[in-house]
$ cat run-v3.cif   # mmCIF, C-alpha atoms
data_final
loop_
_atom_site.label_atom_id
_atom_site.label_comp_id
_atom_site.auth_asym_id
_atom_site.auth_seq_id
_atom_site.Cartn_x
_atom_site.Cartn_y
_atom_site.Cartn_z
CA MET A 1 123.39 74.52 49.58
CA THR A 2 125.74 71.66 50.44
CA ALA A 3 127.46 70.13 47.42
CA PRO A 4 126.53 66.50 46.72
CA VAL A 5 128.86 63.84 48.07
CA ARG A 6 130.74 62.16 45.22
CA ALA A 7 132.45 58.80 45.43
CA ALA A 8 135.76 60.38 44.38
CA ASP A 9 135.60 62.75 47.40
CA TRP A 10 135.18 60.06 50.04
CA SER A 11 137.99 59.47 52.48
CA CYS A 12 138.02 55.78 53.22
CA PRO A 13 140.22 52.72 52.81
CA ALA A 14 140.27 50.33 49.88
CA PRO A 15 138.35 48.60 48.40
CA LEU A 16 135.68 51.36 48.30
CA ARG A 17 137.67 53.54 45.90
CA GLU A 18 137.82 50.59 43.53
CA HIS A 19 134.05 50.74 43.04
CA ALA A 20 132.30 53.63 41.33
CA ARG A 21 129.08 51.62 41.21
CA ILE A 22 127.07 49.41 43.54
CA VAL A 23 128.21 45.79 43.56
CA LEU A 24 126.50 42.84 45.22
CA GLY A 25 129.05 43.01 48.02
CA HIS A 26 127.60 46.31 49.16
CA GLY A 27 124.57 44.34 50.37
CA GLY A 28 126.50 41.51 52.00
CA GLY A 29 126.76 42.98 55.49
CA GLY A 30 130.57 43.05 55.43
CA ILE A 31 133.16 45.75 54.88
CA LEU A 32 131.62 47.15 51.72
CA SER A 33 128.24 47.42 53.44
CA ALA A 34 129.79 49.18 56.41
CA GLU A 35 131.69 51.60 54.17
CA LEU A 36 128.55 52.43 52.21
CA VAL A 37 126.66 53.27 55.40
CA GLU A 38 129.57 55.07 57.06
CA HIS A 39 130.72 57.19 54.14
CA LEU A 40 127.54 57.79 52.15
CA PHE A 41 124.39 57.42 54.25
CA LEU A 42 125.55 58.67 57.66
CA PRO A 43 127.06 61.94 56.33
CA ALA A 44 123.85 62.51 54.37
CA PHE A 45 121.49 61.85 57.29
CA ALA A 46 123.37 63.01 60.39
CA PRO A 47 122.71 66.58 61.59
CA PRO A 48 125.68 68.96 62.01
CA GLY A 49 127.72 68.45 65.14
CA PRO A 50 130.00 65.84 66.67
CA ASP A 51 127.23 63.54 67.89
CA PRO A 52 125.49 61.66 65.03
CA ALA A 53 122.65 60.57 67.30
CA SER A 54 119.56 62.68 66.78
CA PRO A 55 117.56 64.05 69.72
CA GLY A 56 115.08 61.48 70.90
CA THR A 57 117.03 58.49 69.66
CA ASP A 58 119.59 56.29 71.33
CA ALA A 59 123.27 56.62 70.49
CA ALA A 60 123.46 53.24 68.75
CA VAL A 61 122.84 54.73 65.32
CA LEU A 62 124.08 51.61 63.52
CA ALA A 63 121.98 49.17 65.54
CA ASP A 64 119.19 47.19 63.87
CA ALA A 65 116.54 49.22 65.70
CA ALA A 66 116.32 52.66 67.32
CA VAL A 67 115.07 53.19 70.87
CA LEU A 68 113.01 56.41 70.93
CA ALA A 69 112.28 58.66 73.87
CA VAL A 70 108.55 58.97 73.15
CA PRO A 71 106.49 61.71 74.83
CA GLY A 72 103.21 60.69 76.37
CA GLY A 73 100.36 60.34 73.95
CA ARG A 74 99.06 58.22 71.10
CA ILE A 75 101.59 56.83 68.64
CA VAL A 76 101.08 56.68 64.88
CA PHE A 77 103.24 54.32 62.80
CA THR A 78 103.27 54.19 59.00
CA THR A 79 105.34 52.74 56.18
CA ASP A 80 105.52 53.29 52.43
CA SER A 81 107.68 52.31 49.46
CA TYR A 82 108.87 54.50 46.60
CA VAL A 83 109.59 53.24 43.10
CA VAL A 84 109.22 56.46 41.09
CA ARG A 85 110.77 56.53 37.64
CA PRO A 86 112.84 58.57 36.88
CA LEU A 87 114.63 59.05 40.19
CA PHE A 88 114.90 62.81 39.61
CA PHE A 89 112.14 64.97 38.15
CA PRO A 90 111.22 68.67 38.04
CA GLY A 91 110.80 69.82 41.62
CA GLY A 92 112.19 66.83 43.44
CA SER A 93 113.50 63.28 43.56
CA ILE A 94 112.76 59.91 45.09
CA GLY A 95 114.68 61.13 48.15
CA GLU A 96 112.31 63.99 48.94
CA LEU A 97 109.29 61.82 48.12
CA ALA A 98 110.36 59.16 50.59
CA VAL A 99 110.54 61.69 53.42
CA HIS A 100 107.57 63.86 52.49
CA GLY A 101 105.26 60.96 51.71
CA THR A 102 105.82 59.28 55.05
CA VAL A 103 105.61 62.53 57.01
CA ASN A 104 102.35 63.35 55.22
CA ASP A 105 100.86 59.97 56.04
CA LEU A 106 101.55 60.74 59.70
CA ALA A 107 100.25 64.29 59.35
CA CYS A 108 96.96 63.09 57.90
CA ARG A 109 96.34 61.27 61.16
CA ALA A 110 97.21 64.55 62.95
CA ALA A 111 100.53 63.16 64.19
CA MET A 112 103.70 65.19 64.52
CA PRO A 113 106.61 63.08 63.19
CA LEU A 114 109.15 61.71 65.67
CA ALA A 115 111.42 59.55 63.53
CA LEU A 116 111.75 57.79 60.18
CA SER A 117 113.40 54.61 58.97
CA ALA A 118 114.91 54.16 55.51
CA GLY A 119 115.29 50.87 53.64
CA PHE A 120 117.13 50.82 50.30
CA ILE A 121 116.86 48.19 47.58
CA LEU A 122 119.82 48.86 45.28
CA GLU A 123 120.49 47.35 41.88
CA GLU A 124 123.94 46.07 41.00
CA GLY A 125 125.51 48.67 38.70
CA LEU A 126 123.82 51.71 40.25
CA GLU A 127 126.20 54.66 40.15
CA LEU A 128 127.39 55.64 43.62
CA ASP A 129 127.34 59.31 42.64
CA LEU A 130 123.64 58.98 41.80
CA LEU A 131 122.92 57.19 45.08
CA GLY A 132 124.81 59.93 46.89
CA ARG A 133 122.62 62.60 45.30
CA VAL A 134 119.48 60.72 46.38
CA ALA A 135 120.77 60.27 49.92
CA GLN A 136 121.70 63.94 50.19
CA ALA A 137 118.25 64.98 48.94
CA MET A 138 116.65 62.67 51.47
CA GLY A 139 118.85 63.98 54.28
CA ARG A 140 118.10 67.60 53.43
CA ALA A 141 114.35 66.89 53.34
CA ALA A 142 114.49 65.20 56.74
CA ALA A 143 116.51 68.09 58.19
CA THR A 144 114.00 70.60 56.84
CA VAL A 145 111.12 68.67 58.39
CA GLY A 146 113.07 68.33 61.63
CA VAL A 147 112.70 64.56 61.87
CA PRO A 148 115.65 62.14 62.25
CA ILE A 149 116.21 59.16 59.99
CA ALA A 150 116.82 56.95 62.98
CA THR A 151 117.37 53.48 61.52
CA GLY A 152 117.58 51.74 58.18
CA ASP A 153 118.67 48.82 56.03
CA THR A 154 120.31 48.24 52.64
CA LYS A 155 119.98 45.32 50.25
CA VAL A 156 121.52 44.84 46.80
CA VAL A 157 119.97 42.74 44.04
CA GLU A 158 121.37 41.55 40.72
CA ARG A 159 121.51 43.84 37.72
CA GLY A 160 118.13 44.24 36.04
CA LEU A 161 116.01 43.40 39.10
CA ALA A 162 115.39 46.79 40.75
CA ASP A 163 115.44 49.51 38.08
CA GLY A 164 118.26 51.25 39.94
CA LEU A 165 116.83 52.08 43.33
CA TYR A 166 113.75 51.54 45.49
CA ILE A 167 113.22 53.09 48.93
CA ASN A 168 111.00 52.02 51.82
CA THR A 169 110.39 54.44 54.66
CA SER A 170 108.53 54.03 57.91
CA GLY A 171 107.62 56.71 60.40
CA VAL A 172 106.33 57.16 63.91
CA GLY A 173 104.54 60.19 65.31
CA VAL A 174 102.51 61.39 68.27
CA VAL A 175 98.93 62.68 68.14
CA PRO A 176 98.20 65.72 70.33
CA ALA A 177 95.75 65.21 73.17
CA GLY A 178 92.14 65.94 72.31
CA VAL A 179 92.57 65.43 68.56
CA ASP A 180 90.66 62.72 66.70
CA VAL A 181 91.23 62.71 62.93
CA ARG A 182 90.20 59.64 60.95
CA PRO A 183 88.41 58.78 57.69
CA ASP A 184 85.16 57.66 59.29
CA ARG A 185 84.66 60.94 61.18
CA ALA A 186 83.49 62.85 58.10
CA ALA A 187 79.92 63.93 58.88
CA PRO A 188 76.97 65.50 57.06
CA GLY A 189 77.37 69.27 57.04
CA ASP A 190 81.17 69.17 56.90
CA ARG A 191 82.84 71.38 54.34
CA VAL A 192 85.49 69.92 52.07
CA LEU A 193 88.69 71.99 51.87
CA LEU A 194 91.57 71.48 49.43
CA SER A 195 95.02 72.91 50.16
CA GLY A 196 95.95 73.86 46.59
CA PRO A 197 96.09 73.03 42.86
CA ILE A 198 96.03 69.37 41.86
CA GLY A 199 97.86 67.16 39.37
CA GLU A 200 101.28 68.80 39.31
CA HIS A 201 103.31 65.89 40.65
CA GLY A 202 101.99 63.24 38.29
CA ILE A 203 102.34 65.45 35.23
CA ALA A 204 105.85 66.59 36.25
CA VAL A 205 107.02 62.99 36.49
CA LEU A 206 105.33 62.03 33.24
CA SER A 207 106.78 64.99 31.35
CA VAL A 208 110.39 64.10 32.07
CA ARG A 209 109.84 60.34 31.81
CA GLU A 210 108.32 60.53 28.34
CA ASN A 211 110.11 63.74 27.24
CA LEU A 212 106.79 65.52 26.70
CA GLU A 213 106.02 69.25 26.72
CA PHE A 214 102.58 70.63 27.46
CA GLY A 215 102.99 74.35 26.77
CA GLY A 216 104.50 75.33 30.13
CA ASP A 217 106.75 74.30 32.97
CA VAL A 218 105.38 71.97 35.60
CA HIS A 219 107.06 70.97 38.85
CA SER A 220 106.17 68.41 41.47
CA ASP A 221 104.28 69.79 44.45
CA THR A 222 106.15 67.46 46.85
CA ALA A 223 106.19 69.04 50.31
CA PRO A 224 105.83 68.08 53.98
CA LEU A 225 102.38 68.87 55.34
CA HIS A 226 102.81 68.41 59.09
CA GLY A 227 103.23 72.17 59.66
CA LEU A 228 100.08 72.92 57.69
CA VAL A 229 98.14 70.36 59.72
CA ALA A 230 99.47 71.84 62.96
CA ALA A 231 98.22 75.27 61.86
CA MET A 232 94.79 73.82 61.08
CA LEU A 233 94.61 72.14 64.48
CA THR A 234 95.53 75.41 66.15
CA ALA A 235 92.40 76.91 64.59
CA THR A 236 90.29 74.03 65.98
CA ARG A 237 91.31 70.84 67.75
CA THR A 238 87.92 69.18 67.34
CA GLY A 239 86.48 70.56 64.10
CA VAL A 240 88.99 68.89 61.77
CA HIS A 241 87.35 65.51 61.25
CA THR A 242 89.25 63.92 58.37
CA LEU A 243 92.49 64.53 56.47
CA ARG A 244 93.90 62.78 53.42
CA ASP A 245 96.79 63.47 51.06
CA PRO A 246 95.53 62.63 47.55
CA THR A 247 98.52 60.75 46.16
CA ARG A 248 98.00 57.72 43.89
CA GLY A 249 94.54 57.86 42.38
CA GLY A 250 94.35 61.60 42.99
CA LEU A 251 91.63 63.67 44.59
CA ALA A 252 88.85 61.44 43.26
CA THR A 253 90.19 58.39 45.06
CA SER A 254 90.60 60.24 48.35
CA LEU A 255 87.05 61.58 48.26
CA CYS A 256 85.62 58.18 47.35
CA GLU A 257 87.53 56.38 50.09
CA ILE A 258 86.40 58.88 52.74
CA ALA A 259 82.78 58.74 51.56
CA ALA A 260 82.86 54.95 51.81
CA ALA A 261 84.58 54.90 55.21
CA ALA A 262 82.20 57.41 56.79
CA ARG A 263 79.10 56.22 54.88
CA VAL A 264 78.32 59.73 53.75
CA GLY A 265 77.82 61.43 50.42
CA VAL A 266 80.24 64.04 49.07
CA GLU A 267 79.26 66.81 46.67
CA PHE A 268 81.78 69.21 45.15
CA THR A 269 81.91 71.80 42.38
CA GLU A 270 84.29 70.89 39.57
CA SER A 271 85.11 74.51 38.76
CA ALA A 272 86.13 75.10 42.40
CA VAL A 273 88.96 72.57 42.12
CA PRO A 274 92.09 74.46 41.00
CA VAL A 275 93.78 72.76 38.03
CA PRO A 276 96.90 74.50 36.66
CA PRO A 277 96.70 75.23 32.91
CA VAL A 278 99.65 72.97 32.11
CA VAL A 279 97.99 70.08 33.98
CA ALA A 280 94.71 70.70 32.16
CA ALA A 281 96.56 70.78 28.82
CA ALA A 282 98.42 67.54 29.56
CA CYS A 283 95.26 65.76 30.68
CA GLY A 284 93.37 66.98 27.62
CA PHE A 285 96.14 65.77 25.33
CA LEU A 286 96.45 62.37 27.01
CA GLY A 287 92.78 61.78 27.78
CA LEU A 288 93.28 61.82 31.55
CA ASP A 289 91.13 63.23 34.33
CA PRO A 290 92.98 65.71 36.60
CA LEU A 291 90.98 64.32 39.52
CA HIS A 292 92.84 61.02 39.06
CA ILE A 293 96.37 62.49 38.87
CA ALA A 294 98.68 62.03 41.87
CA ASN A 295 99.75 64.83 44.20
CA GLU A 296 102.55 64.77 46.77
CA GLY A 297 102.11 68.08 48.58
CA ARG A 298 98.35 68.56 48.86
CA LEU A 299 95.71 67.55 51.39
CA VAL A 300 91.93 67.43 51.47
CA ALA A 301 90.20 68.15 54.77
CA PHE A 302 86.66 67.49 56.03
CA VAL A 303 85.91 70.19 58.61
CA ALA A 304 82.83 70.95 60.70
CA GLU A 305 80.84 73.83 59.19
CA ALA A 306 81.25 75.99 62.30
CA ASP A 307 85.04 75.78 62.09
CA ALA A 308 85.54 75.73 58.33
CA ASP A 309 86.18 79.46 57.80
CA ALA A 310 88.77 79.58 60.61
CA VAL A 311 90.54 76.48 59.29
CA LEU A 312 90.54 77.80 55.74
CA ALA A 313 92.09 81.07 56.93
CA ALA A 314 94.75 79.15 58.86
CA MET A 315 95.54 77.10 55.75
CA ARG A 316 95.88 80.20 53.58
CA ALA A 317 98.26 81.74 56.13
CA HIS A 318 100.63 78.78 55.77
CA PRO A 319 103.08 78.48 52.82
CA HIS A 320 101.78 75.03 51.88
CA GLY A 321 98.14 76.12 52.00
CA ARG A 322 98.17 79.63 50.58
CA ASP A 323 96.01 78.52 47.63
CA ALA A 324 93.53 76.56 49.76
CA VAL A 325 89.90 76.56 48.65
CA ALA A 326 86.54 75.18 49.73
CA ILE A 327 85.31 72.78 47.07
CA GLY A 328 82.24 71.05 48.49
CA THR A 329 80.17 69.65 51.31
CA VAL A 330 79.22 66.39 52.97
CA THR A 331 75.63 65.15 52.80
CA ALA A 332 73.62 62.33 54.30
CA GLU A 333 72.23 61.61 50.85
CA HIS A 334 73.73 58.98 48.53
CA PRO A 335 76.09 57.52 51.17
CA GLY A 336 79.39 56.27 49.78
CA VAL A 337 78.92 58.21 46.52
CA VAL A 338 80.86 61.28 45.36
CA VAL A 339 79.05 63.67 43.02
CA ALA A 340 80.55 66.55 41.05
CA ARG A 341 78.57 69.56 39.90
CA THR A 342 79.69 70.34 36.37
CA ALA A 343 80.14 73.68 34.60
CA PHE A 344 76.99 72.93 32.59
CA GLY A 345 74.79 72.82 35.67
CA GLY A 346 74.48 69.05 35.79
CA THR A 347 76.02 66.44 38.04
CA ARG A 348 78.13 63.36 37.51
CA VAL A 349 79.23 60.52 39.74
CA VAL A 350 82.97 60.54 40.43
CA ASP A 351 84.59 57.16 40.95
CA ARG A 352 88.05 55.84 41.59
CA PRO A 353 90.18 54.96 38.55
CA LEU A 354 90.23 51.27 37.68
CA GLY A 355 94.01 51.14 37.77
CA GLU A 356 96.95 53.49 37.79
CA SER A 357 96.76 55.86 34.84
CA LEU A 358 100.33 56.99 35.56
CA PRO A 359 102.30 54.16 37.20
CA ARG A 360 105.62 54.66 38.97
CA ILE A 361 104.94 58.24 40.02
CA CYS A 362 105.79 57.74 43.71
#
$ encode --input "run-v3.cif" --output "structure tokens"
Amino acid sequence: MTAPVRAADWSCPAPLREHARIVLGHGGGGILSAELVEHLFLPAFAPPGPDPASPGTDAAVLADAAVLAVPGGRIVFTTDSYVVRPLFFPGGSIGELAVHGTVNDLACRAAMPLALSAGFILEEGLELDLLGRVAQAMGRAAATVGVPIATGDTKVVERGLADGLYINTSGVGVVPAGVDVRPDRAAPGDRVLLSGPIGEHGIAVLSVRENLEFGGDVHSDTAPLHGLVAAMLTATRTGVHTLRDPTRGGLATSLCEIAAAARVGVEFTESAVPVPPVVAAACGFLGLDPLHIANEGRLVAFVAEADADAVLAAMRAHPHGRDAVAIGTVTAEHPGVVVARTAFGGTRVVDRPLGESLPRIC
């Protein structure tokens, strides 16, 4: 693993060595801005080799926009912002989240990622060593996914106005021909598949933020899901109707939003939803519902009944779907309503949370 870039290790002219922390001048567009980009961000993001330009992008890496060589097909474009606190947590950091979250938003529209952008809002006083660790984590995540961070921007605000660091990422991707994945395609008879256990990310962030222990280790599930989606589409290009990564608001919110968009009912079995013991313990202690806890490396899929077994097998054959399960079905009854079958043999209506039970988790 490459050692993190530290400010003391940089080779650059004054006045950069005079600053161990972010100052307002780093956002002014002058020399300090250029040095920050040249000596911190570019080494973190550029792939190995003499040419910093990534395949598919133009050579003007420091231009305000990147020109992409886009293959034929439909383009998907997404953007998201990350304000997680703390910046580092068990299993990841804001850097990985910024890459994985944007890639997963593309993946859930069946798009393979082409390129990302990265915008940084930095607070005056932020330690450059800390920023370097975040940038390195972000660069490693992008390299693992195989997607270039093609363009970006940096702004600095006064001390006390940004809680250290916020990141905005945007992404573009291409949808394969013959694939149509969207929320309103969920149809009666579809089976609902879940790629793995829920609640780990939200509880991991909460545990380190509040210095809480829940009887076991818990790590964020943050992961890129584009490879898993590609495997699912290999099993069937037409049977995968809807995909969603259940981030803020958790699985309950994703199911409710899909039911509303497609005007269908969703029924699932509570005991079929895998909840790790440490997540169950934390939710029991805090009075939270695991269905409302955020995930950053899981997806829920609505798949035609005829293709569901093949898709589930493909998911289980992939590292990010090895614990995939079928949890429910889609019905024409009670359109827009999600119903859970409880362990006691009854049913209950599942709704979205009113607000964020765990804010600042992504």
$ resolve_selection --input "run-v3.cif" --expression "the PyMOL selection byres ((chain A and resi 322-328) around 8)" --output "count of residues only"
24
$ resolve_selection --input "run-v3.cif" --expression "the PyMOL selection byres ((chain A and resi 251) around 8)" --output "PyMOL selection string"
chain A and resi 198+246-247+249-250+252-255+291-294+300
$ residues_around --input "run-v3.cif" --residues "Glu158 in chain A" --least-positions-apart "4" --cutoff "8 Å" --atoms "only C-alpha atoms" --output "PyMOL selection string"
chain A and resi 24+123-124+162
$ closest_residue --input "run-v3.cif" --among "A:Gly173, A:Pro86, A:Pro113, A:Gly189" --to "Leu130 in chain A" --atoms "all atoms listed in the file"
A:Pro86
$ atom_distance --input "run-v3.cif" --atom1 "CA of Met112 in chain A" --atom2 "CA of Pro43 in chain A"
25.0 Å
$ closest_residue --input "run-v3.cif" --among "A:Gly216, A:Pro290, A:Gly346, A:Pro176" --to "Val229 in chain A" --atoms "all atoms listed in the file"
A:Pro176
$ residues_around --input "run-v3.cif" --residues "range 95-97 of chain A" --least-positions-apart "5" --cutoff "7 Å" --atoms "all atoms listed in the file" --output "list of chain:residue names"
A:Val134, A:Ala135, A:Ala137, A:Met138, A:Ala141, A:Thr222, A:Cys362
$ closest_residue --input "run-v3.cif" --among "A:Ala231, A:Val145, A:Val76, A:Val172" --to "Ala115 in chain A" --atoms "only C-alpha atoms"
A:Val172
$ closest_residue --input "run-v3.cif" --among "A:Val103, A:Met232, A:Val156, A:Leu165" --to "Asp307 in chain A" --atoms "all atoms listed in the file"
A:Met232
